[in-house]
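Participant: Below you'll find model.txt; it's compact mmCIF, C-alpha atoms.
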```txt
# COMPACT_ATOMS: atom_id res chain seq x y z
CA MET A 272 0.00 0.00 0.00
CA THR A 273 1.36 3.46 -0.88
CA ASP A 274 0.44 7.10 -0.11
CA VAL A 275 -0.92 6.32 3.35
CA SER A 276 -1.68 9.62 5.10
CA ARG A 277 -4.02 8.35 7.83
CA ILE A 278 -4.10 5.15 9.86
CA LEU A 279 -7.28 3.83 11.43
CA PHE A 280 -6.46 1.50 14.32
CA LEU A 281 -9.28 -0.75 15.51
CA ALA A 282 -9.31 -2.47 18.93
CA HIS A 283 -11.96 -4.61 20.59
CA THR A 284 -11.33 -3.51 24.19
CA GLY A 285 -10.80 -0.37 26.21
CA GLN A 286 -8.51 -2.19 28.66
CA VAL A 287 -4.72 -2.12 28.39
CA SER A 288 -2.72 -5.35 28.35
CA GLY A 289 0.17 -6.51 26.15
CA ALA A 290 -1.61 -6.12 22.81
CA GLU A 291 -2.74 -2.60 23.65
CA LYS A 292 0.76 -1.62 24.80
CA VAL A 293 2.00 -2.59 21.34
CA LEU A 294 -0.82 -0.55 19.81
CA LEU A 295 0.09 2.54 21.83
CA ASP A 296 3.72 2.25 20.70
CA LEU A 297 2.56 1.97 17.08
CA ILE A 298 0.34 5.01 17.43
CA GLU A 299 3.18 7.15 18.77
CA HIS A 300 5.52 5.94 16.03
CA ALA A 301 2.91 6.64 13.35
CA GLN A 302 2.44 10.17 14.66
CA ARG A 303 6.18 10.78 14.62
CA GLY A 304 6.16 9.65 11.00
CA GLY A 305 3.62 12.33 10.10
CA HIS A 306 0.50 10.16 9.88
CA ASP A 307 -2.91 11.27 11.08
CA VAL A 308 -4.15 8.65 13.52
CA VAL A 309 -7.69 7.58 14.31
CA VAL A 310 -8.37 4.96 16.99
CA ALA A 311 -11.68 3.12 17.27
CA CYS A 312 -12.07 1.41 20.64
CA PRO A 313 -14.39 1.31 23.65
CA THR A 314 -13.97 3.84 26.44
CA GLY A 315 -11.50 2.90 29.17
CA ARG A 316 -7.78 3.00 29.92
CA LEU A 317 -6.81 2.61 26.26
CA ALA A 318 -8.77 5.67 25.14
CA GLU A 319 -7.48 7.62 28.14
CA SER A 320 -3.88 6.73 27.19
CA LEU A 321 -4.09 7.98 23.60
CA PRO A 322 -1.57 10.73 22.76
CA ALA A 323 -2.71 14.27 22.03
CA GLY A 324 -3.82 14.73 18.45
CA VAL A 325 -5.28 11.24 18.06
CA GLN A 326 -8.94 11.12 17.09
CA HIS A 327 -10.93 8.63 19.16
CA ILE A 328 -14.07 7.00 17.77
CA ARG A 329 -16.02 5.28 20.52
CA ILE A 330 -17.36 1.81 19.77
CA GLU A 331 -18.88 -0.78 22.07
CA GLN A 332 -16.92 -3.61 23.67
CA LEU A 333 -16.36 -6.47 21.23
CA GLY A 334 -15.83 -10.07 22.29
CA LEU A 335 -17.40 -12.82 24.35
CA GLY A 336 -17.03 -13.26 28.08
CA GLY A 337 -17.33 -16.46 30.08
CA GLU A 338 -21.08 -16.86 29.59
CA ARG A 339 -22.60 -20.33 29.33
CA GLY A 340 -25.85 -21.82 28.02
CA LEU A 341 -28.59 -19.36 27.05
CA ALA A 342 -26.55 -16.45 28.37
CA ARG A 343 -23.85 -17.26 25.83
CA VAL A 344 -26.41 -17.33 23.00
CA PHE A 345 -27.64 -13.91 24.08
CA ALA A 346 -24.07 -12.59 24.32
CA ALA A 347 -23.30 -13.85 20.80
CA ALA A 348 -26.38 -12.04 19.46
CA GLN A 349 -25.27 -8.85 21.20
CA LEU A 350 -21.77 -9.23 19.75
CA LEU A 351 -23.18 -9.50 16.24
CA ARG A 352 -25.18 -6.31 16.81
CA ARG A 353 -22.06 -4.52 18.06
CA TRP A 354 -20.03 -5.64 15.06
CA VAL A 355 -22.67 -4.24 12.72
CA ALA A 356 -22.92 -0.96 14.63
CA ALA A 357 -19.16 -0.48 14.69
CA GLY A 358 -18.86 -1.31 11.00
CA ARG A 359 -21.41 1.35 10.15
CA ALA A 360 -19.73 3.92 12.39
CA LEU A 361 -16.34 3.38 10.74
CA ARG A 362 -17.37 2.91 7.12
CA SER A 363 -16.84 6.50 5.96
CA VAL A 364 -13.42 6.73 7.61
CA ALA A 365 -12.19 3.31 6.47
CA ARG A 366 -13.18 3.91 2.84
CA GLU A 367 -11.49 7.29 2.42
CA ASP A 368 -8.51 7.43 0.05
CA GLY A 369 -5.18 7.43 1.85
CA THR A 370 -6.49 5.56 4.90
CA SER A 371 -4.89 2.31 6.06
CA THR A 372 -6.98 0.18 8.43
CA VAL A 373 -5.11 -1.81 11.08
CA VAL A 374 -7.01 -4.30 13.26
CA ASN A 375 -5.35 -4.97 16.60
CA SER A 376 -7.41 -7.95 17.79
CA LEU A 377 -9.22 -11.02 16.57
CA PHE A 378 -12.69 -9.98 17.73
CA ALA A 379 -12.46 -6.66 15.90
CA LEU A 380 -11.83 -8.37 12.55
CA PRO A 381 -15.52 -8.69 11.54
CA VAL A 382 -15.86 -4.91 11.98
CA ALA A 383 -13.20 -4.42 9.32
CA ARG A 384 -15.14 -6.57 6.90
CA LEU A 385 -18.36 -4.68 7.60
CA ALA A 386 -16.63 -1.29 7.32
CA GLY A 387 -15.27 -2.33 3.93
CA PRO A 388 -11.92 -0.49 3.56
CA ARG A 389 -11.10 -0.13 -0.15
CA THR A 390 -7.76 -1.94 0.05
CA GLY A 391 -8.66 -4.34 2.84
CA ALA A 392 -7.38 -4.32 6.39
CA SER A 393 -4.14 -5.50 7.94
CA TRP A 394 -4.43 -7.58 11.09
CA LEU A 395 -1.83 -7.45 13.84
CA VAL A 396 -2.08 -10.97 15.28
CA HIS A 397 -1.64 -11.16 19.05
CA ASP A 398 -3.39 -14.52 19.49
CA THR A 399 -2.34 -17.98 18.35
CA MET A 400 -5.33 -19.53 16.57
CA THR A 401 -6.17 -22.77 18.35
CA SER A 402 -9.93 -22.82 18.98
CA THR A 403 -12.98 -23.39 16.82
CA LYS A 404 -14.28 -19.98 17.89
CA GLN A 405 -11.12 -18.26 16.67
CA ARG A 406 -11.15 -20.12 13.37
CA ALA A 407 -14.80 -19.16 12.81
CA VAL A 408 -14.07 -15.45 13.31
CA VAL A 409 -11.10 -15.61 10.93
CA ALA A 410 -13.14 -17.44 8.28
CA MET A 411 -15.92 -14.86 8.59
CA SER A 412 -13.45 -11.99 8.21
CA ARG A 413 -11.08 -13.52 5.65
CA PRO A 414 -12.31 -11.46 2.62
CA ALA A 415 -11.30 -8.24 4.39
CA ILE A 416 -7.78 -9.33 5.44
CA ARG A 417 -5.16 -7.81 3.17
CA VAL A 418 -2.35 -9.22 5.29
CA ALA A 419 -1.97 -10.76 8.74
CA VAL A 420 1.16 -9.65 10.58
CA ALA A 421 2.06 -12.33 13.15
CA VAL A 422 4.44 -11.56 16.01
CA SER A 423 5.92 -15.09 16.03
CA GLU A 424 6.37 -18.04 13.70
CA ALA A 425 4.16 -20.15 15.99
CA THR A 426 1.34 -17.69 15.44
CA ALA A 427 1.88 -17.55 11.68
CA THR A 428 1.71 -21.31 11.17
CA PRO A 429 -2.05 -21.90 11.73
CA LEU A 430 -2.85 -18.80 9.67
CA ARG A 431 -0.90 -20.14 6.72
CA ALA A 432 -2.82 -23.40 7.06
CA ALA A 433 -6.05 -21.37 6.88
CA LYS A 434 -4.84 -19.70 3.65
CA VAL A 435 -4.52 -16.28 5.27
CA PRO A 436 -1.73 -14.13 3.74
CA VAL A 437 0.73 -13.70 6.59
CA VAL A 438 4.15 -12.21 7.35
CA VAL A 439 6.11 -12.32 10.62
CA SER A 440 7.28 -9.17 12.41
CA HIS A 441 8.45 -9.63 15.98
CA ASN A 442 7.48 -7.67 19.07
CA GLY A 443 10.12 -5.62 20.79
CA VAL A 444 10.84 -3.87 24.08
CA ARG A 445 12.94 -0.87 25.00
CA TRP A 446 16.67 -1.45 24.91
CA PRO A 447 19.16 -1.00 26.50
CA VAL A 448 17.74 -1.25 30.02
CA GLU A 449 19.17 -1.92 33.46
CA ASP A 450 20.25 -5.45 34.38
CA PHE A 451 18.31 -6.52 37.48
CA SER A 452 20.11 -9.83 37.99
CA GLY A 453 22.28 -10.33 41.04
CA GLY A 454 21.98 -11.83 44.46
CA ALA A 455 18.74 -13.59 45.35
CA HIS A 456 16.28 -12.19 47.87
CA GLU A 457 15.82 -13.93 51.17
CA PRO A 458 13.39 -15.62 50.97
CA PRO A 459 13.45 -15.87 47.16
CA VAL A 460 10.55 -14.36 45.21
CA VAL A 461 8.94 -15.78 42.08
CA GLY A 462 6.83 -13.34 40.09
CA MET A 463 4.21 -13.39 37.39
CA LEU A 464 3.02 -10.36 35.39
CA ALA A 465 -0.29 -11.12 33.70
CA LEU A 466 -4.00 -10.43 33.82
CA LEU A 467 -5.71 -12.64 36.39
CA THR A 468 -7.57 -14.77 33.89
CA PRO A 469 -7.67 -18.61 33.84
CA TRP A 470 -5.57 -19.34 30.75
CA LYS A 471 -2.60 -17.39 32.12
CA GLY A 472 -1.94 -20.28 34.50
CA HIS A 473 -1.73 -18.58 37.90
CA ARG A 474 -3.28 -21.64 39.55
CA ILE A 475 -0.52 -23.82 38.08
CA LEU A 476 2.11 -21.52 39.58
CA LEU A 477 0.46 -21.56 43.01
CA ASP A 478 0.28 -25.35 42.98
CA ALA A 479 3.95 -25.48 41.99
CA VAL A 480 5.10 -23.12 44.75
CA SER A 481 3.07 -25.05 47.31
CA GLU A 482 5.81 -27.69 46.94
CA LEU A 483 8.56 -25.11 47.64
CA PRO A 484 8.15 -24.06 51.27
CA ASP A 485 10.84 -21.36 51.30
CA VAL A 486 9.63 -19.49 48.19
CA ARG A 487 7.29 -16.48 48.01
CA VAL A 488 5.03 -15.58 45.08
CA GLU A 489 3.93 -12.17 43.81
CA LEU A 490 1.20 -11.85 41.18
CA ALA A 491 1.11 -8.50 39.37
CA GLY A 492 -1.84 -7.67 37.17
CA GLY A 493 -5.46 -6.62 37.23
CA SER A 494 -8.52 -8.54 36.11
CA PHE A 495 -11.69 -8.19 34.09
CA PRO A 496 -15.08 -8.20 35.88
CA GLY A 497 -15.95 -11.51 34.21
CA ASP A 498 -13.00 -13.17 35.94
CA ALA A 499 -14.05 -12.25 39.49
CA GLU A 500 -14.83 -15.87 40.33
CA TYR A 501 -11.37 -16.97 39.17
CA VAL A 502 -9.68 -14.24 41.23
CA ASP A 503 -11.61 -15.40 44.30
CA GLU A 504 -10.49 -18.97 43.57
CA LEU A 505 -6.85 -17.87 43.45
CA LYS A 506 -7.13 -15.98 46.72
CA THR A 507 -8.79 -18.95 48.38
CA ARG A 508 -5.98 -21.21 47.14
CA ALA A 509 -3.39 -18.77 48.44
CA GLU A 510 -4.90 -18.97 51.93
CA GLN A 511 -4.52 -22.75 52.18
CA PRO A 512 -1.98 -23.98 54.76
CA ASP A 513 0.64 -24.96 52.16
CA LEU A 514 0.75 -21.36 50.82
CA ALA A 515 -0.57 -19.18 53.66
CA GLY A 516 1.43 -15.97 54.08
CA ARG A 517 3.56 -16.59 50.98
CA VAL A 518 1.40 -15.12 48.17
CA THR A 519 0.95 -11.42 47.44
CA PHE A 520 -1.51 -9.99 44.91
CA LEU A 521 0.02 -6.72 43.71
CA GLY A 522 -2.84 -5.68 41.39
CA HIS A 523 -1.99 -3.14 38.70
CA PHE A 524 1.73 -2.55 39.17
CA ASP A 525 4.46 -0.84 37.20
CA PRO A 526 6.23 -3.68 35.32
CA GLU A 527 9.75 -2.41 35.94
CA SER A 528 9.09 -1.95 39.65
CA ALA A 529 7.65 -5.47 39.85
CA LEU A 530 10.59 -7.05 38.05
CA ARG A 531 13.03 -5.44 40.50
CA ARG A 532 11.34 -7.38 43.32
CA TRP A 533 11.71 -10.83 41.77
CA ASP A 534 14.38 -13.51 41.44
CA VAL A 535 12.60 -15.64 38.83
CA PHE A 536 9.92 -14.68 36.32
CA VAL A 537 7.28 -17.26 35.36
CA SER A 538 4.94 -17.34 32.34
CA ALA A 539 2.61 -20.29 32.99
CA SER A 540 0.02 -19.81 30.24
CA THR A 541 -1.97 -22.94 29.47
CA SER A 542 -2.82 -21.74 25.93
CA PRO A 543 -0.07 -20.61 23.55
CA GLU A 544 0.70 -16.89 23.61
CA ALA A 545 1.72 -15.20 20.39
CA GLY A 546 4.53 -13.01 21.67
CA PRO A 547 4.12 -12.08 25.34
CA LEU A 548 5.64 -8.68 26.10
CA SER A 549 6.01 -9.50 29.79
CA VAL A 550 8.41 -12.31 28.92
CA LEU A 551 10.50 -10.00 26.75
CA GLU A 552 10.51 -7.32 29.45
CA ALA A 553 11.78 -9.79 32.04
CA MET A 554 14.42 -11.06 29.62
CA SER A 555 15.60 -7.54 28.84
CA HIS A 556 16.32 -6.95 32.54
CA GLY A 557 18.26 -10.18 32.88
CA LEU A 558 15.76 -12.10 35.01
CA PRO A 559 15.79 -15.88 34.56
CA VAL A 560 12.50 -16.77 32.88
CA ILE A 561 10.60 -20.06 33.11
CA GLY A 562 7.85 -20.35 30.51
CA THR A 563 5.49 -22.90 29.05
CA ASP A 564 6.73 -24.60 25.92
CA HIS A 565 4.35 -23.35 23.26
CA GLY A 566 3.61 -20.29 21.12
CA GLY A 567 5.96 -17.34 21.00
CA THR A 568 7.33 -18.17 24.44
CA SER A 569 9.08 -21.23 23.00
CA GLU A 570 10.81 -19.02 20.43
CA PHE A 571 11.82 -16.36 22.96
CA LEU A 572 13.36 -18.83 25.42
CA SER A 573 15.01 -21.22 22.96
CA ASP A 574 18.73 -22.06 23.01
CA GLY A 575 19.28 -21.33 26.69
CA ALA A 576 17.57 -17.92 26.88
CA GLY A 577 15.16 -19.40 29.43
CA VAL A 578 13.72 -22.63 30.79
CA LEU A 579 10.76 -24.26 29.04
CA VAL A 580 8.27 -26.53 30.82
CA THR A 581 5.20 -28.52 29.82
CA PRO A 582 1.98 -26.43 29.93
CA GLY A 583 -0.23 -27.28 32.90
CA ASP A 584 2.36 -29.41 34.72
CA ALA A 585 2.74 -27.97 38.23
CA ALA A 586 5.26 -30.60 39.32
CA GLU A 587 7.59 -29.87 36.40
CA LEU A 588 7.27 -26.14 37.03
CA ALA A 589 8.17 -26.68 40.69
CA ASP A 590 11.26 -28.64 39.68
CA ALA A 591 12.31 -25.88 37.27
CA ILE A 592 11.89 -23.14 39.90
CA ARG A 593 13.85 -25.18 42.42
CA ALA A 594 16.68 -25.78 39.94
CA VAL A 595 16.97 -22.12 38.93
CA LEU A 596 16.85 -20.77 42.48
CA SER A 597 19.48 -23.22 43.68
CA ASP A 598 22.07 -22.39 40.98
CA ALA A 599 23.46 -18.86 40.80
CA ARG A 600 25.59 -19.73 37.77
CA LEU A 601 22.50 -20.97 35.90
CA ARG A 602 20.60 -17.79 36.76
CA ARG A 603 23.46 -15.69 35.43
CA SER A 604 23.69 -17.71 32.22
CA LEU A 605 19.95 -17.51 31.59
CA GLY A 606 19.93 -13.77 32.22
CA ASP A 607 22.90 -13.09 29.95
CA ARG A 608 21.49 -15.12 27.07
CA ALA A 609 18.08 -13.51 27.51
CA ARG A 610 19.52 -10.00 27.31
CA GLU A 611 21.51 -10.92 24.23
CA ARG A 612 18.33 -12.32 22.60
CA VAL A 613 16.51 -9.05 23.25
CA ARG A 614 19.47 -6.98 22.01
CA SER A 615 19.77 -8.92 18.76
CA ASP A 616 16.11 -9.69 17.94
CA HIS A 617 13.71 -7.59 20.01
CA ASP A 618 15.05 -4.03 20.27
CA LEU A 619 11.94 -1.85 19.99
CA ALA A 620 13.84 0.85 18.11
CA VAL A 621 14.29 -1.71 15.32
CA THR A 622 11.14 -3.82 15.57
CA LEU A 623 8.61 -0.97 15.81
CA PRO A 624 9.39 0.63 12.41
CA GLN A 625 9.44 -2.83 10.85
CA LEU A 626 6.07 -3.65 12.37
CA LEU A 627 4.39 -0.45 11.17
CA LYS A 628 5.83 -0.92 7.69
CA ALA A 629 4.51 -4.49 7.55
CA LEU A 630 1.06 -3.26 8.56
CA THR A 631 0.83 -0.30 6.18
CA GLY A 632 3.39 -0.93 3.44
```
As structure tokens, how would this structure be written, given the file I've shared?
Facilitator:
Amino acid sequence: MTDVSRILFLAHTGQVSGAEKVLLDLIEHAQRGGHDVVVACPTGRLAESLPAGVQHIRIEQLGLGGERGLARVFAAAQLLRRWVAAGRALRSVAREDGTSTVVNSLFALPVARLAGPRTGASWLVHDTMTSTKQRAVVAMSRPAIRVAVAVSEATATPLRAAKVPVVVSHNGVRWPVEDFSGGAHEPPVVGMLALLTPWKGHRILLDAVSELPDVRVELAGGSFPGDAEYVDELKTRAEQPDLAGRVTFLGHFDPESALRRWDVFVSASTSPEAGPLSVLEAMSHGLPVIGTDHGGTSEFLSDGAGVLVTPGDAAELADAIRAVLSDARLRRSLGDRARERVRSDHDLAVTLPQLLKALTG
């Protein structure tokens, strides 16, 4: 695509997690490059974080929660209505000459098809397609996808199988940054930086640390209202005798401040993540990272840049935490290789221009 003067970014949520952090970086970079920027998203932290000069078009929340039975049928009908309403609201903007439409999330894709941008939309893929629900949304939206830009090879693979045109452009984080590695805390602290939602695997981490009596756990991250029951379950688990007094829920917390507090960083997701920024952030600061062996995490931590464990296996995770905490030389090696991986492959100053070019070029 050439002669792009305006970029319309489309997001399904008003919350801010890893995908929206990438979006905010892209918006700032696009502005610095002289583009007019329009962002369509629900109200919330994302809209409040938009830089000055960005036009915000309010749309309703897109996506399904954890509803079941008839409630889920009703929610699906409401989602269809919201897709149609958002498509209508964005049609005039998306179809103007010189406008490039960039979709930042799977559940916003149908809006792009309904809005009908003249040259199609590019899709920044933050989710690895594994479920029937995801495949159905992609199939529905396929005619509108000009290109899918995947942030890892693991995420690109199922899209290629679905005949979606795809390129890979990796996520990045700020570099250089301070090395936080060094002597372990007493007692040692294992940390996790992720929304409190079931597939992130917090329960697996708690079960693992229950086998490590001298280790503390800190969980940094907020939660969506629909996950209140899961959060209560985690807090109840943390109060059991084998964990009592050793688990802290930090809530929303500055990532850098959280990482300074920890000796080991864990990513315990039970479903494959495309390219988790929290893992890259921990790696950039030299923390030893233990992550589940699937999705983009496998690529980030390969060749000694971290420790990979089987998804959902609390016993294996406990063994990995024990091994890393007991070996200062191993921690140093993991941290050094992780920082080198970020320096060579995930420097935001390099990856961000590449990503925007892939989405609009």
Participant: Which residues are near Arg532 in chain A? Cut-off 9 Å, all atoms listed in the file, ignore same chain within fewer than 5 positions. Put them as a compact mmCIF listing (two decimals) with C-alpha atoms, in the frame of the given file.
Facilitator:
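After the write, selection_1.txt holds the following:
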```txt
# COMPACT_ATOMS: atom_id res chain seq x y z
CA HIS A 456 16.28 -12.19 47.87
CA VAL A 460 10.55 -14.36 45.21
CA VAL A 461 8.94 -15.78 42.08
CA GLY A 462 6.83 -13.34 40.09
CA GLU A 489 3.93 -12.17 43.81
```
Participant: So that I can see what lies close to range 581-583 of chain A, please list as a VMD selection string the residues with an atom at most 10 Å from it, counting only C-alpha atoms and leaving out residues fewer than 3 positions away in the same chain.
Facilitator: chain A and resid 470 472 474 to 476 538 to 543 562 to 565 586 to 588
Participant: Next, the residues of the selection above should be written as a PDB file, keeping the file's coordinate frame with C-alpha atoms.
Facilitator:
```
ATOM      1  CA  TRP A 470      -5.570 -19.340  30.750  1.00  0.00           C
ATOM      2  CA  GLY A 472      -1.940 -20.280  34.500  1.00  0.00           C
ATOM      3  CA  ARG A 474      -3.280 -21.640  39.550  1.00  0.00           C
ATOM      4  CA  ILE A 475      -0.520 -23.820  38.080  1.00  0.00           C
ATOM      5  CA  LEU A 476       2.110 -21.520  39.580  1.00  0.00           C
ATOM      6  CA  SER A 538       4.940 -17.340  32.340  1.00  0.00           C
ATOM      7  CA  ALA A 539       2.610 -20.290  32.990  1.00  0.00           C
ATOM      8  CA  SER A 540       0.020 -19.810  30.240  1.00  0.00           C
ATOM      9  CA  THR A 541      -1.970 -22.940  29.470  1.00  0.00           C
ATOM     10  CA  SER A 542      -2.820 -21.740  25.930  1.00  0.00           C
ATOM     11  CA  PRO A 543      -0.070 -20.610  23.550  1.00  0.00           C
ATOM     12  CA  GLY A 562       7.850 -20.350  30.510  1.00  0.00           C
ATOM     13  CA  THR A 563       5.490 -22.900  29.050  1.00  0.00           C
ATOM     14  CA  ASP A 564       6.730 -24.600  25.920  1.00  0.00           C
ATOM     15  CA  HIS A 565       4.350 -23.350  23.260  1.00  0.00           C
ATOM     16  CA  ALA A 586       5.260 -30.600  39.320  1.00  0.00           C
ATOM     17  CA  GLU A 587       7.590 -29.870  36.400  1.00  0.00           C
ATOM     18  CA  LEU A 588       7.270 -26.140  37.030  1.00  0.00           C
TER      19      LEU A 588
END
```
Participant: Using only C-alpha atoms, which of the listed residues (A:Gly334, A:Ala629, A:Leu467, A:Val448) sits closest to Lys404 in chain A?
Facilitator: A:Gly334
Participant: Taking into account all atoms listed in the file, which residue in the set A:Asp607, A:Pro429, A:Thr372, A:Gly566 is nearest to Arg384 in chain A?
Facilitator: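 Result for the nearest residue to Arg384 in chain A: A:Thr372.
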Participant: Choose the residue, out of A:Leu466, A:Leu605, A:Leu514, A:Val275, that has the smallest atom-to-atom separation from Ala499 in chain A; count only C-alpha atoms.
Facilitator: A:Leu466
Participant: From (17.5, -8.2, 28.4), in the file's coordinates, out to 12 Å: which residues are reached, counting only C-alpha atoms? Answer as JSON, numbers by chain.
Facilitator: {"A": [443, 444, 445, 446, 447, 448, 449, 450, 451, 452, 530, 549, 550, 551, 552, 553, 554, 555, 556, 557, 558, 559, 560, 571, 572, 576, 577, 603, 604, 605, 606, 607, 608, 609, 610, 611, 612, 613, 614, 615, 616, 617, 618, 619]}
Participant: Counting all atoms listed in the file, what is within 8 Å of Asn442 in chain A, bar same-chain residues fewer than 4 positions away, as a PyMOL selection string?
Facilitator: chain A and resi 293+422+546+548+617+619+622-623+626
Participant: Report as a list in words all protein, DNA and RNA residues lying within 10 Å of Glu299 in chain A, evaluated on all atoms listed in the file, omitting residues in the same chain fewer than 3 positions from it.
Facilitator: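 Here the qualifying residues turn out to be Leu294, Leu295, Asp296, Gln302, Arg303, Gly304, His306, Val308, Leu321, Pro322, Ala323 and Val325 of chain A.
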Participant: Could you list, with a cut-off of 12 Å and counting all atoms listed in the file, the residues of range 387-453 of chain A near range 276-283 of chain A, each shown with its nearest atom pair and the distance in Å rounded to one decimal, rows sorted by chain and ascending number, as a Markdown table?
Facilitator:
```
| residue | atom | partner | partner_atom | distance |
| --- | --- | --- | --- | --- |
| A:Pro388 | CA | A:Leu279 | CA | 10.1 |
| A:Gly391 | CA | A:Leu279 | CA | 11.9 |
| A:Ala392 | CA | A:Leu279 | CA | 9.6 |
| A:Ser393 | CA | A:Phe280 | CA | 9.8 |
| A:Trp394 | CA | A:Leu281 | CA | 9.5 |
| A:Leu395 | CA | A:Phe280 | CA | 10.1 |
| A:Val396 | CA | A:Ala282 | CA | 11.7 |
| A:His397 | CA | A:Ala282 | CA | 11.6 |
```
Participant: With distances taken over only C-alpha atoms, which residue among A:Thr468, A:Ser363, A:Thr426, A:Gln511 lies nearest Ala386 in chain A?
Facilitator: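 With only C-alpha atoms as the atom set, the closest residue is A:Ser363.
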Participant: Choose the residue, out of A:Ile561, A:Leu377, A:Met463, A:Val486, that has the smallest atom-to-atom separation from Phe520 in chain A; count all atoms listed in the file.
Facilitator: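 Under the stated criterion, the closest residue is A:Met463.
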Participant: Since the input lacks atoms, please generate N, CA and C atoms for range 314-326 of chain A and provide them as a tab-separated table (two decimals), in the coordinates of the input.
Facilitator:
```tsv
chain	number	residue	atom	x	y	z
A	314	THR	N	-14.53	2.97	25.42
A	314	THR	CA	-13.97	3.84	26.44
A	314	THR	C	-13.24	3.00	27.48
A	315	GLY	N	-12.28	3.62	28.17
A	315	GLY	CA	-11.50	2.90	29.17
A	315	GLY	C	-10.07	3.39	29.17
A	316	ARG	N	-9.18	2.60	29.76
A	316	ARG	CA	-7.78	3.00	29.92
A	316	ARG	C	-7.08	3.22	28.59
A	317	LEU	N	-7.45	2.44	27.56
A	317	LEU	CA	-6.81	2.61	26.26
A	317	LEU	C	-7.12	3.99	25.69
A	318	ALA	N	-8.39	4.35	25.67
A	318	ALA	CA	-8.77	5.67	25.14
A	318	ALA	C	-8.14	6.79	25.96
A	319	GLU	N	-8.08	6.60	27.27
A	319	GLU	CA	-7.48	7.62	28.14
A	319	GLU	C	-5.98	7.75	27.93
A	320	SER	N	-5.34	6.72	27.39
A	320	SER	CA	-3.88	6.73	27.19
A	320	SER	C	-3.47	7.23	25.81
A	321	LEU	N	-4.42	7.55	24.95
A	321	LEU	CA	-4.09	7.98	23.60
A	321	LEU	C	-3.35	9.31	23.62
A	322	PRO	N	-2.31	9.47	22.80
A	322	PRO	CA	-1.57	10.73	22.76
A	322	PRO	C	-2.44	11.87	22.24
A	323	ALA	N	-2.03	13.08	22.56
A	323	ALA	CA	-2.71	14.27	22.03
A	323	ALA	C	-2.67	14.25	20.51
A	324	GLY	N	-3.76	14.68	19.90
A	324	GLY	CA	-3.82	14.73	18.45
A	324	GLY	C	-4.43	13.51	17.81
A	325	VAL	N	-4.66	12.46	18.59
A	325	VAL	CA	-5.28	11.24	18.06
A	325	VAL	C	-6.80	11.37	18.16
A	326	GLN	N	-7.48	11.11	17.07
A	326	GLN	CA	-8.94	11.12	17.09
A	326	GLN	C	-9.46	9.79	17.61
```
